[in-house]
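Data from structure.txt: compact mmCIF, C-alpha atoms and all ligand atoms
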# COMPACT_ATOMS: atom_id res chain seq x y z
CA MET O 70 19.62 20.04 15.78
CA ARG O 71 20.11 22.07 12.68
CA ARG O 72 17.40 22.37 10.10
CA TYR O 73 18.21 22.11 6.49
CA GLY O 74 16.59 22.03 3.11
CA LYS O 75 13.56 23.92 4.28
CA HIS O 76 12.21 27.39 4.37
CA THR O 77 11.68 28.90 7.74
CA ASP O 78 8.76 30.99 6.60
CA GLU O 79 5.88 29.93 8.80
CA ASP O 80 3.35 30.31 6.04
CA ASP O 81 5.27 27.77 4.06
CA ILE O 82 5.06 25.02 6.58
CA ARG O 83 1.61 25.42 8.04
CA PHE O 84 -1.56 24.12 6.57
CA ARG O 85 -3.93 26.96 7.16
CA PRO O 86 -6.37 27.24 4.35
CA SER O 87 -7.87 30.65 4.83
CA ARG O 88 -11.16 30.57 6.67
CA LYS O 89 -13.25 31.86 3.82
CA GLY O 90 -11.02 30.91 0.97
CA THR O 91 -10.60 34.57 0.12
CA ARG O 92 -6.90 34.94 0.76
CA PRO O 93 -5.55 37.58 -1.61
CA ARG O 94 -3.24 36.17 -4.20
CA THR O 95 0.10 37.72 -4.89
CA HIS O 96 0.48 36.20 -8.34
CA THR O 97 -1.77 36.69 -11.28
CA ARG O 98 -3.44 33.39 -11.86
CA PRO O 99 -4.97 33.28 -15.28
CA LYS O 100 -6.88 30.08 -14.54
CA HIS O 101 -8.88 28.90 -11.58
CA GLU O 102 -8.66 32.12 -9.67
CA ASP O 103 -11.60 30.96 -7.64
CA ALA O 104 -9.86 27.79 -6.47
CA SER O 105 -9.85 26.98 -2.77
CA GLU O 106 -6.85 25.75 -0.87
CA GLY O 107 -6.79 22.36 0.71
CA LEU O 108 -4.60 19.77 2.36
CA VAL O 109 -4.35 16.20 1.05
CA LEU O 110 -5.19 13.81 3.91
CA THR O 111 -4.99 10.51 2.11
CA VAL O 112 -4.91 8.97 -1.35
CA ASP O 113 -6.74 5.88 -2.48
CA ARG O 114 -6.49 4.69 -6.07
CA GLY O 115 -6.66 8.08 -7.70
CA ARG O 116 -9.20 9.46 -5.24
CA LEU O 117 -7.79 12.03 -2.86
CA THR O 118 -9.33 13.09 0.41
CA VAL O 119 -8.75 16.78 0.86
CA LEU O 120 -9.42 19.05 3.81
CA VAL O 121 -10.89 22.34 2.61
CA GLU O 122 -11.63 24.72 5.46
CA ASP O 123 -13.37 22.33 7.85
CA ARG O 124 -14.83 20.03 5.24
CA THR O 125 -13.43 16.78 3.95
CA ILE O 126 -13.98 16.39 0.25
CA THR O 127 -13.08 13.85 -2.41
CA ALA O 128 -11.09 15.05 -5.37
CA MET O 129 -9.16 13.79 -8.34
CA LYS O 130 -6.29 15.25 -10.25
CA ALA O 131 -7.29 17.58 -13.06
CA ARG O 132 -6.02 16.39 -16.41
CA GLU O 133 -3.93 19.51 -16.76
CA LEU O 134 -1.67 18.32 -13.94
CA GLY O 135 -0.42 15.60 -16.27
CA ARG O 136 1.84 13.07 -14.62
CA LYS O 137 2.60 15.21 -11.62
CA GLY O 138 1.93 13.20 -8.50
CA VAL O 139 -0.17 14.45 -5.62
CA VAL O 140 0.64 12.97 -2.24
CA VAL O 141 -0.43 13.16 1.38
CA GLY O 142 0.62 16.47 2.89
CA ASP O 143 0.44 18.34 -0.38
CA ARG O 144 -1.19 21.72 -0.31
CA VAL O 145 -3.44 21.92 -3.31
CA ALA O 146 -5.86 24.22 -5.09
CA VAL O 147 -9.24 22.63 -5.75
CA VAL O 148 -12.17 23.65 -7.92
CA GLY O 149 -15.59 22.26 -8.60
CA ASP O 150 -18.04 20.92 -6.07
CA LEU O 151 -16.48 21.56 -2.67
CA THR O 152 -19.49 20.73 -0.54
CA GLY O 153 -18.08 17.36 0.43
CA GLU O 154 -21.48 15.80 -0.06
CA LYS O 155 -21.87 12.20 -1.10
CA ASP O 156 -20.87 11.42 -4.69
CA THR O 157 -19.33 14.83 -5.30
CA LEU O 158 -15.92 15.01 -6.87
CA ALA O 159 -13.73 18.11 -6.93
CA ARG O 160 -10.66 18.66 -9.11
CA ILE O 161 -7.14 19.44 -7.99
CA VAL O 162 -5.75 22.05 -10.34
CA ARG O 163 -2.52 23.04 -8.63
CA VAL O 164 -0.03 21.57 -6.20
CA GLY O 165 1.88 23.92 -3.92
CA GLU O 166 5.63 23.96 -3.80
CA ARG O 167 6.85 21.35 -1.36
CA THR O 168 9.01 22.19 1.64
CA SER O 169 10.12 18.57 2.01
CA THR O 170 9.56 15.23 0.32
CA LEU O 171 9.87 11.86 1.99
CA ARG O 172 10.60 9.15 -0.53
CA ARG O 173 11.06 5.49 -0.58
CA THR O 174 11.92 2.86 -3.09
CA ALA O 175 9.83 -0.27 -2.84
CA ASP O 176 13.05 -2.07 -2.07
CA ASP O 177 16.70 -1.55 -2.85
CA ASN O 178 16.27 -3.13 -6.27
CA ASP O 179 13.29 -1.02 -7.22
CA PRO O 180 14.55 1.78 -9.43
CA TYR O 181 11.44 3.89 -8.88
CA GLU O 182 11.41 6.56 -6.28
CA ARG O 183 8.08 7.15 -4.71
CA ILE O 184 7.25 10.24 -2.78
CA ILE O 185 5.09 9.16 0.12
CA VAL O 186 4.62 12.38 2.07
CA ALA O 187 5.15 16.04 1.26
CA ASN O 188 5.73 19.01 3.55
CA ALA O 189 6.44 17.08 6.74
CA ASP O 190 8.74 18.52 9.40
CA GLN O 191 9.86 15.45 11.25
CA LEU O 192 10.04 11.67 11.07
CA ALA O 193 9.04 9.78 14.20
CA ILE O 194 10.85 6.45 14.15
CA VAL O 195 8.76 4.19 16.35
CA THR O 196 10.71 1.34 17.93
CA ALA O 197 9.69 -1.01 20.72
CA LEU O 198 12.22 -1.47 23.52
CA ALA O 199 11.20 -5.13 23.58
CA ASP O 200 8.69 -7.46 21.91
CA PRO O 201 9.87 -7.08 19.19
CA GLU O 202 13.50 -6.37 20.03
CA PRO O 203 14.82 -3.08 18.70
CA ARG O 204 16.74 -3.40 15.43
CA SER O 205 19.30 -0.68 15.13
CA ARG O 206 19.91 -1.21 11.44
CA LEU O 207 16.29 -0.52 10.78
CA ILE O 208 16.55 2.62 12.87
CA ASP O 209 19.66 3.60 10.92
CA ARG O 210 17.84 3.23 7.64
CA CYS O 211 15.03 5.45 8.84
CA LEU O 212 17.56 8.02 10.06
CA VAL O 213 19.23 8.10 6.67
CA ALA O 214 15.87 8.55 4.96
CA ALA O 215 15.00 11.39 7.36
CA PHE O 216 18.29 13.18 6.82
CA ASP O 217 17.98 12.78 3.08
CA ALA O 218 14.44 14.17 3.11
CA GLY O 219 15.38 17.13 5.28
CA LEU O 220 13.17 15.91 8.12
CA GLU O 221 14.22 15.99 11.72
CA PRO O 222 14.27 12.50 13.18
CA LEU O 223 12.51 11.82 16.46
CA LEU O 224 13.13 8.48 18.14
CA VAL O 225 9.97 7.21 19.80
CA LEU O 226 10.76 4.27 22.04
CA THR O 227 7.65 2.35 23.04
CA LYS O 228 6.87 -0.41 25.56
CA SER O 229 9.06 1.14 28.22
CA ASP O 230 7.30 -1.11 30.73
CA LEU O 231 9.12 -4.09 29.20
CA ALA O 232 12.72 -2.88 28.95
CA SER O 233 14.99 0.05 29.70
CA ALA O 234 15.73 2.63 27.03
CA GLY O 235 19.28 2.98 28.35
CA PRO O 236 21.27 0.77 25.95
CA LEU O 237 19.54 2.05 22.82
CA LEU O 238 19.91 5.66 23.86
CA HIS O 239 23.58 4.97 24.52
CA THR O 240 24.06 3.70 20.96
CA TYR O 241 22.44 6.80 19.52
CA ALA O 242 23.88 9.34 21.94
CA PRO O 243 26.56 10.59 19.48
CA LEU O 244 23.83 11.63 17.07
CA GLY O 245 22.21 13.94 19.59
CA LEU O 246 18.76 12.85 18.47
CA ARG O 247 15.59 14.04 20.07
CA TYR O 248 13.67 11.16 21.59
CA ALA O 249 10.66 10.21 23.65
CA VAL O 250 10.17 7.10 25.77
CA THR O 251 6.59 5.94 26.15
CA SER O 252 4.37 3.08 27.20
CA ARG O 253 0.76 2.24 26.49
CA ASP O 254 -0.33 2.84 30.08
CA GLU O 255 1.35 6.20 30.29
CA LEU O 256 -0.18 7.25 27.00
CA ALA O 257 -3.63 6.23 28.16
CA GLU O 258 -3.34 8.22 31.36
CA GLY O 259 -2.17 11.32 29.56
CA SER O 260 -1.11 12.66 32.94
CA GLU O 261 0.78 15.88 32.98
CA GLY O 262 4.54 15.70 33.28
CA SER O 263 4.51 12.14 32.01
CA ALA O 264 6.67 10.86 29.18
CA ALA O 265 3.59 10.88 27.00
CA GLU O 266 3.16 14.56 27.66
CA ALA O 267 6.80 15.08 26.69
CA LEU O 268 6.05 13.36 23.40
CA ARG O 269 3.04 15.58 22.75
CA GLU O 270 5.32 18.53 23.37
CA GLN O 271 7.71 17.30 20.66
CA LEU O 272 4.83 17.08 18.18
CA ARG O 273 3.25 20.43 18.89
CA GLY O 274 2.93 22.61 15.82
CA GLN O 275 4.84 20.07 13.71
CA ILE O 276 3.87 17.78 10.88
CA THR O 277 5.24 14.43 11.96
CA VAL O 278 5.37 11.26 9.89
CA PHE O 279 5.22 8.07 11.97
CA VAL O 280 6.99 4.96 10.71
CA GLY O 281 7.48 1.71 12.53
CA HIS O 282 7.68 -2.00 11.97
CA SER O 283 4.71 -4.20 12.65
CA GLY O 284 4.01 -4.81 16.32
CA VAL O 285 6.04 -1.94 17.76
CA GLY O 286 2.89 -0.26 19.05
CA LYS O 287 2.48 2.45 16.44
CA THR O 288 -1.27 2.04 16.24
CA THR O 289 -1.58 2.18 20.03
CA LEU O 290 0.54 5.31 19.98
CA VAL O 291 -1.30 7.11 17.21
CA ASN O 292 -4.69 6.27 18.71
CA ALA O 293 -3.60 7.72 22.02
CA LEU O 294 -2.20 10.86 20.43
CA VAL O 295 -5.21 11.44 18.22
CA PRO O 296 -8.31 10.53 20.22
CA GLU O 297 -10.29 11.69 17.20
CA ARG O 298 -8.62 9.10 15.07
CA GLN O 299 -11.58 6.77 14.88
CA ARG O 300 -13.79 9.64 13.84
CA ALA O 301 -11.21 11.04 11.43
CA THR O 302 -10.71 7.64 9.86
CA GLY O 303 -14.48 7.25 9.72
CA ILE O 304 -14.83 10.47 7.75
CA VAL O 305 -12.18 9.39 5.30
CA ASN O 306 -13.88 6.06 4.87
CA ALA O 307 -17.29 7.61 4.45
CA VAL O 308 -15.77 9.69 1.69
CA THR O 309 -13.98 6.84 -0.03
CA GLY O 310 -16.86 4.46 0.64
CA ARG O 311 -14.70 1.78 2.17
CA GLY O 312 -15.19 -0.03 5.42
CA ARG O 313 -11.85 0.88 6.89
CA HIS O 314 -8.63 2.48 5.98
CA THR O 315 -6.93 -0.42 4.28
CA THR O 316 -4.78 1.26 1.69
CA THR O 317 -1.07 1.63 2.05
CA SER O 318 -1.38 5.37 1.63
CA ALA O 319 -0.33 7.58 4.45
CA LEU O 320 -3.12 9.25 6.42
CA ALA O 321 -2.87 12.73 7.94
CA LEU O 322 -4.59 13.16 11.29
CA PRO O 323 -4.91 16.43 13.18
CA LEU O 324 -3.51 16.54 16.69
CA PRO O 325 -5.95 17.99 19.19
CA PRO O 326 -5.38 21.73 19.55
CA SER O 327 -3.36 22.41 22.66
CA THR O 328 -4.07 25.02 25.26
CA ILE O 329 -1.46 27.35 23.81
CA GLY O 330 -3.24 27.22 20.49
CA GLU O 331 -0.65 25.46 18.39
CA ASP O 332 -1.66 22.29 16.70
CA GLY O 333 0.13 19.81 14.53
CA TRP O 334 -0.41 16.77 12.36
CA VAL O 335 0.37 13.12 12.73
CA ILE O 336 0.86 11.32 9.44
CA ASP O 337 0.42 7.60 9.89
CA THR O 338 2.02 5.35 7.28
CA PRO O 339 0.33 1.94 7.36
CA GLY O 340 2.41 0.35 4.64
CA VAL O 341 5.79 1.89 5.33
CA ARG O 342 8.12 0.08 7.65
CA SER O 343 11.47 1.07 6.34
CA PHE O 344 13.01 2.68 3.35
CA GLY O 345 14.87 1.56 0.29
CA LEU O 346 17.86 3.82 0.11
CA ASN O 347 18.88 3.68 -3.53
CA HIS O 348 18.29 7.34 -4.10
CA ILE O 349 20.18 8.65 -1.08
CA GLN O 350 23.01 11.11 -1.61
CA PRO O 351 25.86 10.89 0.93
CA SER O 352 26.20 14.66 0.63
CA ARG O 353 22.70 15.10 1.99
CA VAL O 354 23.26 12.72 4.87
CA ILE O 355 26.42 14.52 5.90
CA GLN O 356 24.47 17.78 6.06
CA ALA O 357 23.00 16.43 9.25
CA PHE O 358 26.53 16.40 10.68
CA PRO O 359 27.62 20.04 10.51
CA ASP O 360 30.75 19.28 12.56
CA LEU O 361 31.91 16.80 9.91
CA GLU O 362 30.54 18.50 6.82
CA ALA O 363 33.23 21.19 6.98
CA GLY O 364 35.94 18.54 7.15
CA ALA O 365 34.58 16.73 4.10
CA ALA O 366 35.65 19.72 2.01
CA GLY O 367 39.11 18.14 2.03
CA CYS O 368 37.87 14.79 0.68
CA PRO O 369 38.56 13.56 -2.84
CA ARG O 370 35.73 14.06 -5.30
CA GLY O 371 32.91 11.59 -4.82
CA CYS O 372 34.40 10.36 -1.54
CA THR O 373 32.28 7.70 0.11
CA HIS O 374 33.82 8.79 3.45
CA ASN O 375 34.77 5.21 3.99
CA GLU O 376 38.02 4.98 2.07
CA PRO O 377 41.71 5.53 2.83
CA ASP O 378 41.83 9.02 1.29
CA CYS O 379 38.86 10.28 3.26
CA ALA O 380 39.83 13.54 4.94
CA LEU O 381 37.52 12.97 7.87
CA ASP O 382 39.97 10.74 9.76
CA GLN O 383 42.48 13.57 9.90
CA TRP O 384 39.70 16.04 10.69
CA VAL O 385 38.76 14.02 13.73
CA ALA O 386 42.40 13.39 14.67
CA ASP O 387 42.88 17.15 14.66
CA GLY O 388 40.12 17.45 17.20
CA HIS O 389 37.46 19.14 15.05
CA ALA O 390 34.86 16.47 15.78
CA GLU O 391 34.33 13.52 18.08
CA PRO O 392 35.41 10.10 16.82
CA ALA O 393 32.01 8.72 17.82
CA ARG O 394 30.35 11.16 15.43
CA LEU O 395 32.43 9.95 12.50
CA HIS O 396 31.74 6.38 13.51
CA SER O 397 28.00 7.07 13.53
CA LEU O 398 28.12 8.84 10.17
CA ARG O 399 29.97 5.91 8.61
CA ARG O 400 27.54 3.45 10.07
CA LEU O 401 24.62 5.39 8.59
CA LEU O 402 26.25 5.71 5.18
CA ALA O 403 26.95 1.97 5.22
CA THR O 404 23.27 1.15 5.71
CA ARG O 405 22.83 1.97 2.06
CA GLU O 406 24.81 -1.08 1.12
CA ARG O 407 22.77 -3.44 3.24
CA ARG O 408 19.49 -4.98 2.36
CA GLU O 409 16.35 -3.92 4.08
CA GLY O 410 15.61 -6.03 7.13
CA ASP O 411 19.24 -6.96 7.78
N1 LIG S 1 3.75 -4.16 27.06
C1 LIG S 1 3.34 -3.27 26.17
N2 LIG S 1 2.65 -3.66 25.08
C2 LIG S 1 2.26 -2.74 24.19
C3 LIG S 1 2.54 -1.36 24.38
N3 LIG S 1 2.03 -0.68 23.32
C4 LIG S 1 1.45 -1.59 22.52
N4 LIG S 1 1.56 -2.84 23.04
C5 LIG S 1 1.07 -4.09 22.46
O1 LIG S 1 1.86 -4.45 21.35
C6 LIG S 1 1.06 -5.04 20.33
C7 LIG S 1 1.20 -4.29 19.03
O2 LIG S 1 0.64 -3.00 19.19
P1 LIG S 1 0.04 -2.18 17.96
O3 LIG S 1 -0.27 -0.82 18.44
O4 LIG S 1 -1.03 -2.93 17.28
O5 LIG S 1 1.33 -2.18 17.05
P2 LIG S 1 1.54 -1.72 15.54
O6 LIG S 1 2.92 -1.19 15.50
O7 LIG S 1 0.47 -0.84 15.10
O8 LIG S 1 1.51 -3.09 14.81
P3 LIG S 1 0.66 -3.53 13.54
O9 LIG S 1 -0.78 -3.32 13.93
O10 LIG S 1 1.04 -4.95 13.35
O11 LIG S 1 1.14 -2.63 12.43
C8 LIG S 1 -0.35 -5.05 20.86
O12 LIG S 1 -0.61 -6.31 21.44
C9 LIG S 1 -0.34 -3.97 21.92
O13 LIG S 1 -1.28 -4.19 22.92
C10 LIG S 1 3.26 -0.96 25.57
O14 LIG S 1 3.58 0.20 25.82
N5 LIG S 1 3.64 -1.96 26.41
ZN ZN S 2 35.50 11.54 2.86

What would the structure in this file look like if it were written as structure tokens?
Ligand SMILES: Nc1nc2c(ncn2[C@@H]2O[C@H](COP(=O)(O)OP(=O)(O)OP(=O)(O)O)[C@@H](O)[C@H]2O)c(=O)[nH]1
Ligand SMILES: [Zn+2]
Amino acid sequence: MRRYGKHTDEDDIRFRPSRKGTRPRTHTRPKHEDASEGLVLTVDRGRLTVLVEDRTITAMKARELGRKGVVVGDRVAVVGDLTGEKDTLARIVRVGERTSTLRRTADDNDPYERIIVANADQLAIVTALADPEPRSRLIDRCLVAAFDAGLEPLLVLTKSDLASAGPLLHTYAPLGLRYAVTSRDELAEGSEGSAAEALREQLRGQITVFVGHSGVGKTTLVNALVPERQRATGIVNAVTGRGRHTTTSALALPLPPSTIGEDGWVIDTPGVRSFGLNHIQPSRVIQAFPDLEAGAAGCPRGCTHNEPDCALDQWVADGHAEPARLHSLRRLLATRERREGD
């Protein structure tokens, strides 16, 4: 699938704070030249947990950042006490340019956009094949949010021991999505060549945000993928001084380094189950359909692609794209008009 809205420069998309924090700077930085680079792992009421080299520190926004938000996945420059020791508090003085932003509105009537994760590469849409039954409208909403954010969607179908993935995959076949089919037992085994291994392969070297409705098995999945999770969560909690990770903030967890030396991040989103889609631009969604995007050039201005004058019907009739693709695009665009949970 095509990538869009992102730089391909590796340095842009990897979180690799330099080992000693001595990376030469290309720009003249009048202030805070001695700042270290870090990665925001989670946010809790103004306190941010930041990974600096191999230490987890607590930081807050410096006043000079003003109203600029700092979110999970942001690459930041921090100054002050970076020891990570108890009761120390560092300051975030800069936020790196973002390669992607995943947003949500609290619901379709909430006018405020909230960025929930920055710099992710893909959105894993976790759906159970049964118990609870898959809800394709919910999947569609997540797909629209992913396309809008410039993230590659990845369908993760859980509980494959309970039902076949066939019908759902059939529905989504025209979209050509990447997918993985898993079950708890397979994940636990971690045997090579298994579906779980195929999922790990899809995550390698990527920053993947996991979303899923309650009960779909997201926690089971993330725990299996990140055996260090308990420890990682423990560190975060030790830092924030709370018993467990109860906030609705996302939480970035490192995937175990693989044998070929490429790692990746899982970003769990406890409070995010779907997306309000008020802010979505049809033009960004259609970018995920390169075969149709060219045909939309013939559409009237501001075409919703679901009206009599839409040029895409003729485009498809002329054989430039498959009818099923146009059908899928229209279904996705229509999710914007439906309420969450429909
Ligand atoms: N049969 C079956 N059950 C599973 C599988 N994965 C998870 N479950 C069960 O499904 C239930 C929900 O799993 P969780 O991992 O807690 O799901 P969650 O999506 O994190 O849900 P919340 O904790 O409510 O947010 C639990 O009872 C799990 O044991 C699976 O592959 N097969
Ligand atoms: Zn149109």

Can you write out as a Markdown table which residues of chain O fall within 12 Å of ligand ZN 2 (chain S), alongside each residue's closest atom pair and its distance in Å to one decimal, counting all atoms listed in the file and ordering rows by chain and ascending residue number?
| residue | atom | partner | partner_atom | distance |
| --- | --- | --- | --- | --- |
| O:Pro351 | CA | S:ZN2 | ZN | 9.9 |
| O:Ser352 | CA | S:ZN2 | ZN | 10.1 |
| O:Ile355 | CA | S:ZN2 | ZN | 10.0 |
| O:Leu361 | CA | S:ZN2 | ZN | 9.5 |
| O:Glu362 | CA | S:ZN2 | ZN | 9.4 |
| O:Ala363 | CA | S:ZN2 | ZN | 10.7 |
| O:Gly364 | CA | S:ZN2 | ZN | 8.2 |
| O:Ala365 | CA | S:ZN2 | ZN | 5.4 |
| O:Ala366 | CA | S:ZN2 | ZN | 8.2 |
| O:Gly367 | CA | S:ZN2 | ZN | 7.6 |
| O:Cys368 | CA | S:ZN2 | ZN | 4.6 |
| O:Pro369 | CA | S:ZN2 | ZN | 6.8 |
| O:Arg370 | CA | S:ZN2 | ZN | 8.5 |
| O:Gly371 | CA | S:ZN2 | ZN | 8.1 |
| O:Cys372 | CA | S:ZN2 | ZN | 4.7 |
| O:Thr373 | CA | S:ZN2 | ZN | 5.7 |
| O:His374 | CA | S:ZN2 | ZN | 3.3 |
| O:Asn375 | CA | S:ZN2 | ZN | 6.5 |
| O:Glu376 | CA | S:ZN2 | ZN | 7.1 |
| O:Pro377 | CA | S:ZN2 | ZN | 8.6 |
| O:Asp378 | CA | S:ZN2 | ZN | 7.0 |
| O:Cys379 | CA | S:ZN2 | ZN | 3.6 |
| O:Ala380 | CA | S:ZN2 | ZN | 5.2 |
| O:Leu381 | CA | S:ZN2 | ZN | 5.6 |
| O:Asp382 | CA | S:ZN2 | ZN | 8.3 |
| O:Gln383 | CA | S:ZN2 | ZN | 10.1 |
| O:Trp384 | CA | S:ZN2 | ZN | 10.0 |
| O:Val385 | CA | S:ZN2 | ZN | 11.6 |
| O:Leu395 | CA | S:ZN2 | ZN | 10.2 |
| O:Leu398 | CA | S:ZN2 | ZN | 10.7 |
| O:Arg399 | CA | S:ZN2 | ZN | 9.8 |
| O:Leu402 | CA | S:ZN2 | ZN | 11.2 |

Task: Computed interatomic separation between atom C5 of ligand LIG 1 (chain S) and atom CA of O:Ala193 (Å) - done: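 About the pair atom C5 of ligand LIG 1 (chain S) and atom CA of O:Ala193: they are 18.0 Å apart.
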
Mind listing the residues within 9 Å of ligand LIG 1 (chain S), all atoms listed in the file counted, as an mmCIF file with C-alpha atoms, in the coordinates of the input?
data_model
loop_
_atom_site.group_PDB
_atom_site.id
_atom_site.type_symbol
_atom_site.label_atom_id
_atom_site.label_comp_id
_atom_site.auth_asym_id
_atom_site.auth_seq_id
_atom_site.Cartn_x
_atom_site.Cartn_y
_atom_site.Cartn_z
ATOM 1 C CA VAL O 195 8.760 4.190 16.350
ATOM 2 C CA THR O 196 10.710 1.340 17.930
ATOM 3 C CA ALA O 197 9.690 -1.010 20.720
ATOM 4 C CA ALA O 199 11.200 -5.130 23.580
ATOM 5 C CA ASP O 200 8.690 -7.460 21.910
ATOM 6 C CA PRO O 201 9.870 -7.080 19.190
ATOM 7 C CA THR O 227 7.650 2.350 23.040
ATOM 8 C CA LYS O 228 6.870 -0.410 25.560
ATOM 9 C CA SER O 229 9.060 1.140 28.220
ATOM 10 C CA ASP O 230 7.300 -1.110 30.730
ATOM 11 C CA LEU O 231 9.120 -4.090 29.200
ATOM 12 C CA THR O 251 6.590 5.940 26.150
ATOM 13 C CA SER O 252 4.370 3.080 27.200
ATOM 14 C CA ARG O 253 0.760 2.240 26.490
ATOM 15 C CA ASP O 254 -0.330 2.840 30.080
ATOM 16 C CA GLU O 255 1.350 6.200 30.290
ATOM 17 C CA LEU O 256 -0.180 7.250 27.000
ATOM 18 C CA VAL O 280 6.990 4.960 10.710
ATOM 19 C CA GLY O 281 7.480 1.710 12.530
ATOM 20 C CA HIS O 282 7.680 -2.000 11.970
ATOM 21 C CA SER O 283 4.710 -4.200 12.650
ATOM 22 C CA GLY O 284 4.010 -4.810 16.320
ATOM 23 C CA VAL O 285 6.040 -1.940 17.760
ATOM 24 C CA GLY O 286 2.890 -0.260 19.050
ATOM 25 C CA LYS O 287 2.480 2.450 16.440
ATOM 26 C CA THR O 288 -1.270 2.040 16.240
ATOM 27 C CA THR O 289 -1.580 2.180 20.030
ATOM 28 C CA LEU O 290 0.540 5.310 19.980
ATOM 29 C CA VAL O 291 -1.300 7.110 17.210
ATOM 30 C CA ASN O 292 -4.690 6.270 18.710
ATOM 31 C CA PRO O 339 0.330 1.940 7.360
ATOM 32 C CA GLY O 340 2.410 0.350 4.640
ATOM 33 C CA ARG O 342 8.120 0.080 7.650
#

Between stretch 223-302 of chain O and stretch 206-217 of chain O, at 12 Å or less, what are the per-residue closest atom pairs and their distances in Å? Count only C-alpha atoms, order by chain and rising residue number, and return it as CSV.
residue,atom,partner,partner_atom,distance
O:Leu223,CA,O:Leu212,CA,9.0
O:Leu224,CA,O:Ile208,CA,8.6
O:Val225,CA,O:Ile208,CA,10.6
O:Leu226,CA,O:Ile208,CA,11.0
O:Leu237,CA,O:Ile208,CA,10.4
O:Leu238,CA,O:Ile208,CA,11.9
O:Thr240,CA,O:Asp209,CA,11.0
O:Tyr241,CA,O:Asp209,CA,9.6
O:Leu244,CA,O:Leu212,CA,10.1
O:Leu246,CA,O:Leu212,CA,9.8
O:Arg247,CA,O:Leu212,CA,11.8
O:Thr277,CA,O:Ala215,CA,11.2
O:Val278,CA,O:Ala215,CA,10.0
O:Phe279,CA,O:Cys211,CA,10.6
O:Val280,CA,O:Cys211,CA,8.3
O:Gly281,CA,O:Ile208,CA,9.1
O:His282,CA,O:Leu207,CA,8.8

Task: Counting only C-alpha atoms, the residue of O:Glu202, O:Glu391, O:Glu297, O:Glu166 that sits nearest O:Asp143 - done: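 Using only C-alpha atoms, O:Asp143 sits closest to O:Glu166.
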
Open item on the list: Using only C-alpha atoms for the distances, tell me which of O:Thr338, O:Ser263, O:Thr157, O:Gln271 is nearest to O:Pro222.
Closed with: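 Ranked by minimum distance to O:Pro222, first place goes to O:Gln271.
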
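Taking atom CA of O:Asp337 as the reference point, atom CA of O:Gly219 is found at 18.3 Å.
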
Task: atom CA of O:Arg172 to atom CA of O:Ala218, straight-line distance in Å - done: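 Atom CA of O:Arg172 lies 7.3 Å from atom CA of O:Ala218.
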
- [ ] Mind checking which residues fall within 8 Å of O:Ala189, counting only C-alpha atoms, ignoring those fewer than 3 positions away in the same chain, and posting them as an MDAnalysis selection string?
- [x] chainID O and resid 142 168:171 186 192 220 275:278

Task: Nearest candidate to O:Ile194 (options O:Ser397, O:Thr152, O:Ser343, O:Ser233; using all atoms listed in the file) - done: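 The answer is O:Ser343, which sits nearest to O:Ile194.
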